[in-house]
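This report concerns only the one structure given below.
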Amino acid sequence: MNRPQLVNFSAIASENQIALRASLTLAEIDNLSTINKNKTPFDSIHLFQKEMFRSKIVGLNKDDKIIFVREYDSDNYGRFKIKLPTKVNGSHISKLMIYETAFIKGIDLYLGSFLPLIINREKKLVISDFDKTLVDTKYSTPTEMYYSLNRPLNFFPSVNESILKLKEYIEAGHQPFILSASPHFYVNAIRDWLYQNRLFVSDILLKDYRDFISIFDGALTTKDLKKQGFYKLNQLIDVILMTRMPKQLILMGDGFESDPFIYLTLKRLLTPHSDPWKIWNSIKNHNIFKLTTKQDSYFITKFYQLSEMAKKAEHCDIKILIRATEENILKLETCEFKDQVLTELNKTIEYYIA
């Protein structure tokens with residue numbers, strides 16, 4: 001028997017709002033348990049299905065009294081992006097209970113209870129890439145793609161130096177996020193790998209490949225299958241907008257694709273008195289972006305939102321760590337971008353060999 005299941009859930013509480021992101025799918029009850037099982041990406045291929053849901057969100061205060069109830073409709077693929085108030089009638093929302101209300105008429109199906117992630121007073125975040133940063137995955141050939149779909153991620157070599165760095169930041173109080181351009185149906189496999197490596201990260205952001213077969217529901221197009229610029233920078237900006245401006249931000253990535261350029265662009269955006277229009281103009285035609293008209297409007301709007309946030313917030317200390325190899329580290333350290341500001345900022349990146 002199939003029933004609605006939460007695939008991914010994130011609720012981040014800042015001063016004025018709870019930013020909630022969730023994804024629902026239909027799954028057999030027998031397949032809901034993930035205990036003691038090495039998940040492969042292929043195990044979650046059902047996440048490609050198209051299905052709409054209606055979710056009831058119930059907010060409780062610290063005394064477990066209901067102070068908020070509201071229902072929301074998903075998009076065509078079961079995805080929710082919602083902003084909730086942090087406080088209702090003078091009382092803070094401390095716990096969220098989630099129900100699905102449309103699958104069986106007249107019955108609320110319980111999906112789970114969650115505590116919103118409260119950004120600590122120190123406001124320290126660490127955002128890490130996954131592929132080539134934490135795990136040496138390979139997707140270049142059809143054979144490698146086949147193995148990636150049908151093997152658990154521990155089949156690939158772990159990048160121990162990166163894992164240790166991420167653990168150190170988590171232990172030092174940085175709240176972690178995993179950002180990857182891997183397909184959205186890798187979510188269970190990645191979560192399984194993280195837990196096996198004692199990396200307890202609840203917020204995993206992946207590229208939703210259903211956007212490529214949907215004309216109206218997503219901002220990604222077929223060119224974004226290969227080009228990671230728009231997807232990654234857009235997700236990074238979303239994290240900052242959800243958490244509000246951090247005081248410390250650690251960005252971990254690799255030097256094999258576009259991470260340095262994307263991270264440097266974000267760092268430039270978060271610099272006080274930056275010019276959003278000038279930054280947008282400097283990147284919109286760059287090869288790793290090649291923005292569509294719709295993506296243009298996404299970025300220019302979000303760039304100005306970040307700029308306004310940066311003006312009002314305290315200084316954000318941004319550190320960029322890029323995993324390199326002995327073969328490419330010199331090229332990365334001396335890389336010159338068309339944008340002179342990014343070339344100068346490149347000198348602030350900490351490259352390490354792993």
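By convention here, the chains of the structure tokens are called A, B, ... in the order presented, each chain's residues are numbered starting at 1, and ligands are numbered starting at 1 in the order presented.
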DSSP says strand (DSSP E or B) for which residues of region 37-246 of chain A? Put them as number ranges by chain? A: 54-60, 66-73, 79-85, 87-88, 91-92, 95-100, 109-114, 117-118, 124-128, 131, 135, 158, 175-183, 203-207
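Those residues that approach region 316-319 of chain A to within 9 Å, counting only C-alpha atoms, are Met245, Pro246, Lys247, Gln248, Leu249, Ile250, Leu251, Met252, Lys267, Leu270, Thr271, Ala310, Ala313, Glu314, Leu321, Thr348, Ile349 and Glu350 of chain A; same-chain residues fewer than 2 positions away are not listed.
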Region 215-328 of chain A residues near region 10-22 of chain A within 8 Å, closest pair each, using only C-alpha atoms, as JSON lines:
{"residue": "A:Met242", "atom": "CA", "partner": "A:Ala19", "partner_atom": "CA", "distance": 5.7}
{"residue": "A:Thr243", "atom": "CA", "partner": "A:Ser14", "partner_atom": "CA", "distance": 5.9}
{"residue": "A:Arg244", "atom": "CA", "partner": "A:Ser14", "partner_atom": "CA", "distance": 6.7}
Export of the given selection (N, CA, C and O atoms) as a PDB file, in the first residue's frame:
ATOM      1  N   MET A 242      17.078  32.453   4.263  1.00  0.00           N
ATOM      2  CA  MET A 242      16.311  31.700   5.262  1.00  0.00           C
ATOM      3  C   MET A 242      16.880  31.870   6.661  1.00  0.00           C
ATOM      4  O   MET A 242      16.150  31.970   7.640  1.00  0.00           O
ATOM      5  N   THR A 243      18.207  31.871   6.756  1.00  0.00           N
ATOM      6  CA  THR A 243      18.852  31.925   8.067  1.00  0.00           C
ATOM      7  C   THR A 243      19.088  33.355   8.543  1.00  0.00           C
ATOM      8  O   THR A 243      19.391  33.567   9.711  1.00  0.00           O
ATOM      9  N   ARG A 244      18.954  34.303   7.621  1.00  0.00           N
ATOM     10  CA  ARG A 244      19.354  35.692   7.820  1.00  0.00           C
ATOM     11  C   ARG A 244      20.879  35.759   7.849  1.00  0.00           C
ATOM     12  O   ARG A 244      21.565  34.750   7.851  1.00  0.00           O
TER      13      ARG A 244
END
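In terms of minimum interatomic distance to Leu109 (chain A), A:Arg54 ranks closest within A:Lys226, A:Lys167, A:Arg54, A:Lys294, counting only C-alpha atoms.
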Separation of CA of Ala172 (chain A) and CA of Ser202 (chain A), in Å?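 CA of Ser202 (chain A) lies 17.2 Å from CA of Ala172 (chain A).
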Polymer residues at most 9 Å from Asn61 (chain A), only C-alpha atoms, same-chain spacing of 6 or more positions, as JSON, numbers by chain: {"A": [67, 91, 92, 93, 94, 95]}
So that I have them on file, write out the residues from the current selection with N, CA and C atoms, as a tab-separated table (two decimals), in the first residue's frame.
chain	number	residue	atom	x	y	z
A	67	ILE	N	-1.01	26.70	18.67
A	67	ILE	CA	-1.15	28.15	18.48
A	67	ILE	C	-1.23	28.52	17.00
A	91	SER	N	3.29	34.11	21.55
A	91	SER	CA	3.89	32.83	21.93
A	91	SER	C	4.69	32.27	20.75
A	92	HIS	N	5.91	31.79	21.01
A	92	HIS	CA	6.77	31.25	19.96
A	92	HIS	C	6.35	29.84	19.56
A	93	ILE	N	6.46	29.55	18.27
A	93	ILE	CA	6.26	28.18	17.79
A	93	ILE	C	7.52	27.37	18.12
A	94	SER	N	7.36	26.33	18.92
A	94	SER	CA	8.50	25.51	19.34
A	94	SER	C	8.54	24.16	18.62
A	95	LYS	N	7.39	23.70	18.12
A	95	LYS	CA	7.32	22.39	17.48
A	95	LYS	C	6.31	22.43	16.35
Exercise: Leu96 (chain A) partners within 9 Å, only C-alpha atoms, chain neighbours under 6 positions left out, as number ranges by chain: A: 11, 57-60, 112-116
Which one of A:Leu166, A:Ala181, A:Leu134, A:Ile119 sits closest to Leu220 (chain A) if you count only C-alpha atoms?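 Of A:Leu166, A:Ala181, A:Leu134, A:Ile119, the one nearest Leu220 (chain A) is A:Ala181, counting only C-alpha atoms.
The coordinates place CA of Leu6 (chain A) at 10.6 Å from CA of Ser55 (chain A).
Using only C-alpha atoms, the shortest contact distance between Ile107 (chain A) and any of A:Lys87, A:Lys123, A:Lys56, A:Arg151 is found at A:Lys56.
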Would you kindly return, as a list of chain:residue names, each protein, DNA or RNA residue with an atom no farther than 12 Å from any atom of Leu330 (chain A), considering only C-alpha atoms and excluding same-chain residues fewer than 6 positions away? A:Gly255, A:Ala324, A:Glu336, A:Tyr351, A:Tyr352, A:Ile353
Restricted to N, CA and C atoms, what would the selected residues look like written as a compact mmCIF listing (two decimals), in the first residue's frame?
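Saved the output as out-v8.txt:
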# COMPACT_ATOMS: atom_id res chain seq x y z
N GLY A 255 37.79 22.17 -6.47
CA GLY A 255 38.37 22.97 -7.55
C GLY A 255 38.26 22.33 -8.91
N ALA A 324 41.69 20.72 -3.48
CA ALA A 324 42.46 20.70 -4.73
C ALA A 324 43.30 19.43 -4.80
N GLU A 336 43.07 33.91 -12.74
CA GLU A 336 42.63 35.29 -12.93
C GLU A 336 41.27 35.28 -13.62
N TYR A 351 43.11 27.01 -0.25
CA TYR A 351 43.14 25.78 -1.02
C TYR A 351 43.90 24.72 -0.23
N TYR A 352 43.39 23.48 -0.23
CA TYR A 352 44.09 22.40 0.45
C TYR A 352 44.09 21.15 -0.44
N ILE A 353 45.18 20.39 -0.34
CA ILE A 353 45.33 19.19 -1.17
C ILE A 353 44.72 17.99 -0.47
Show which residues sit within 10 Å of Asp296 (chain A), as JSON, numbers by chain. Count only C-alpha atoms, and ignore same-chain residues fewer than 5 positions away. {"A": [230, 280, 281, 284, 290, 291, 301]}
Do you have the CA of Gly253 (chain A)-CA of Thr133 (chain A) distance handy? 5.5 Å
Region 258-302 of chain A: residues DSSP assigns to alpha helix (DSSP H), reported as a list in words: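 Selecting the alpha helix (DSSP H) positions of region 258-302 of chain A gives Asp259, Pro260, Phe261, Ile262, Tyr263, Leu264, Thr265, Leu266, Lys267, Arg268, Leu269, Pro276, Trp277, Lys278, Ile279, Trp280, Asn281, Ser282, Ile283, Thr293, Lys294, Gln295, Asp296, Ser297, Tyr298, Phe299, Ile300, Thr301 and Lys302 of chain A.
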Which residues come within 8 Å of Phe130 (chain A), counting only C-alpha atoms, excluding same-chain residues fewer than 5 positions away, as an MDAnalysis selection string? chainID A and resid 135 178:180 253
Residue subset to file, keeping N, CA, C and O atoms, as a PDB file, in the first residue's frame:
ATOM      1  N   VAL A 135      33.130  13.191  -1.115  1.00  0.00           N
ATOM      2  CA  VAL A 135      33.230  11.864  -1.735  1.00  0.00           C
ATOM      3  C   VAL A 135      33.745  12.024  -3.155  1.00  0.00           C
ATOM      4  O   VAL A 135      33.277  12.898  -3.893  1.00  0.00           O
ATOM      5  N   ILE A 178      24.359  20.753   3.493  1.00  0.00           N
ATOM      6  CA  ILE A 178      24.993  20.088   2.362  1.00  0.00           C
ATOM      7  C   ILE A 178      24.321  20.606   1.098  1.00  0.00           C
ATOM      8  O   ILE A 178      23.096  20.527   0.950  1.00  0.00           O
ATOM      9  N   LEU A 179      25.124  21.132   0.184  1.00  0.00           N
ATOM     10  CA  LEU A 179      24.620  21.636  -1.093  1.00  0.00           C
ATOM     11  C   LEU A 179      25.300  20.858  -2.206  1.00  0.00           C
ATOM     12  O   LEU A 179      26.528  20.839  -2.302  1.00  0.00           O
ATOM     13  N   SER A 180      24.511  20.193  -3.039  1.00  0.00           N
ATOM     14  CA  SER A 180      25.072  19.360  -4.096  1.00  0.00           C
ATOM     15  C   SER A 180      24.252  19.520  -5.371  1.00  0.00           C
ATOM     16  O   SER A 180      23.045  19.765  -5.328  1.00  0.00           O
ATOM     17  N   GLY A 253      34.145  23.535  -0.882  1.00  0.00           N
ATOM     18  CA  GLY A 253      33.867  23.028  -2.218  1.00  0.00           C
ATOM     19  C   GLY A 253      35.095  22.391  -2.830  1.00  0.00           C
ATOM     20  O   GLY A 253      36.078  22.109  -2.148  1.00  0.00           O
TER      21      GLY A 253
END
